[in-house]
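**Student:** I'd like to ask you about the structure that follows.
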Amino acid sequence: DAMVIQNPRYQVTQFGKPVTLSCSQTLNHNVMYWYQQKSSQAPKLLFHYYDKDFNNEADTPDNFQSRRPNTSFCFLDIRSPGLGDAAMYLCATSRGGTSGLAGEQFFGPGTRLTVL
Amino acid sequence: GQNIDQPTEMTATEGAIVQINCTYQTSGFNGLFWYQQHAGEAPTFLSYNVLDGLEEKGRFSSFLSRSKGYSYLLLKELQMKDSASYLCAVRIDTGFQKLVFGTGTRLLVSP
């Protein structure tokens, strides 16, 4: 089945210790997104890739970086995690395009990050 | 700015009908999505509206009024498994298709 896969599902790191979350997709979608979702809050878009073009949201902290080495994979790097970065991190993909269901986003199961 | 409002929480009983409202004030509106999210899991797509009117999909229906900036999700014949958060998301055109999410409505279905 075509899908969006995130690893690991649960990640524990220490304050200030770099961590990388990974996302892969078999949908062959152009666009990959990273969201941060804290408890009882809306998913907050951090950045997205349209093919190889990287787009950062204006309020995404510099502490968060991303890499997309190929169509299938995308990584979220948190350089120096703080306690406030504990959250669920959701990866999503979409076909791109500007109409109809082209913008429908397919989400991975998420990685829950704990910062000690 | 972009603003999407939903009630925080709703309760209903099994077999009943519930309507979850969403109002929005956004720029560049290009469609509205509803997602279901169970606790600790990823959002899953439920419905999509871009034109005014009702879209029906089994037990779930979604309505949109663009002039009023208003949508609702209607769930019929509620089941216990429908207990989840329901996220309203507006697609805005900022040069690419971006979804802006509401904070979600937590629905609790009781026996």
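In the structure tokens, each chain is lettered A, B, ... as it comes, each chain's residues begin at 1, and ligands are numbered from 1 in order of appearance.
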Which residues of chain B are close to chain A, meaning at most 10 Å apart when you count only C-alpha atoms, and how do they look as a PyMOL selection string?
**Tutor:** chain B and resi 8+30-33+35+39-45+47-50+85+87-89+91-93+95-106
**Student:** Give me every strand (DSSP E) residue in chain B, going by DSSP on the backbone, as a VMD selection string.
**Tutor:** chain B and resid 3 to 5 9 to 13 18 to 25 29 to 37 44 to 49 53 to 57 60 to 65 70 to 75 84 to 93 97 to 101 105 to 110
**Student:** By how many Å are CA of Asp82 (chain B) and CA of Asp5 (chain B) apart?
**Tutor:**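 Between CA of Asp82 (chain B) and CA of Asp5 (chain B) the gap works out to 20.8 Å.
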**Student:** What does the distance between CA of Lys76 (chain B) and CA of Leu107 (chain B) come to in Å, to one decimal place?
**Tutor:**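 About the pair CA of Lys76 (chain B) and CA of Leu107 (chain B): they are 13.1 Å apart.
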**Student:** Got a sec: who's within 9 Å of Val109 (chain B), counting only C-alpha atoms, leaving out chain neighbours fewer than 6 positions off, as a count of residues only?
**Tutor:** 12
**Student:** With only C-alpha atoms as the counted atoms, please give the residues lying no more than 8 Å from Asp52 (chain B), apart from itself and same-chain residues fewer than 5 positions off, as a list in words.
**Tutor:**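 Answer for this query is Phe63, Leu64, Ser65 and Arg66 of chain B.
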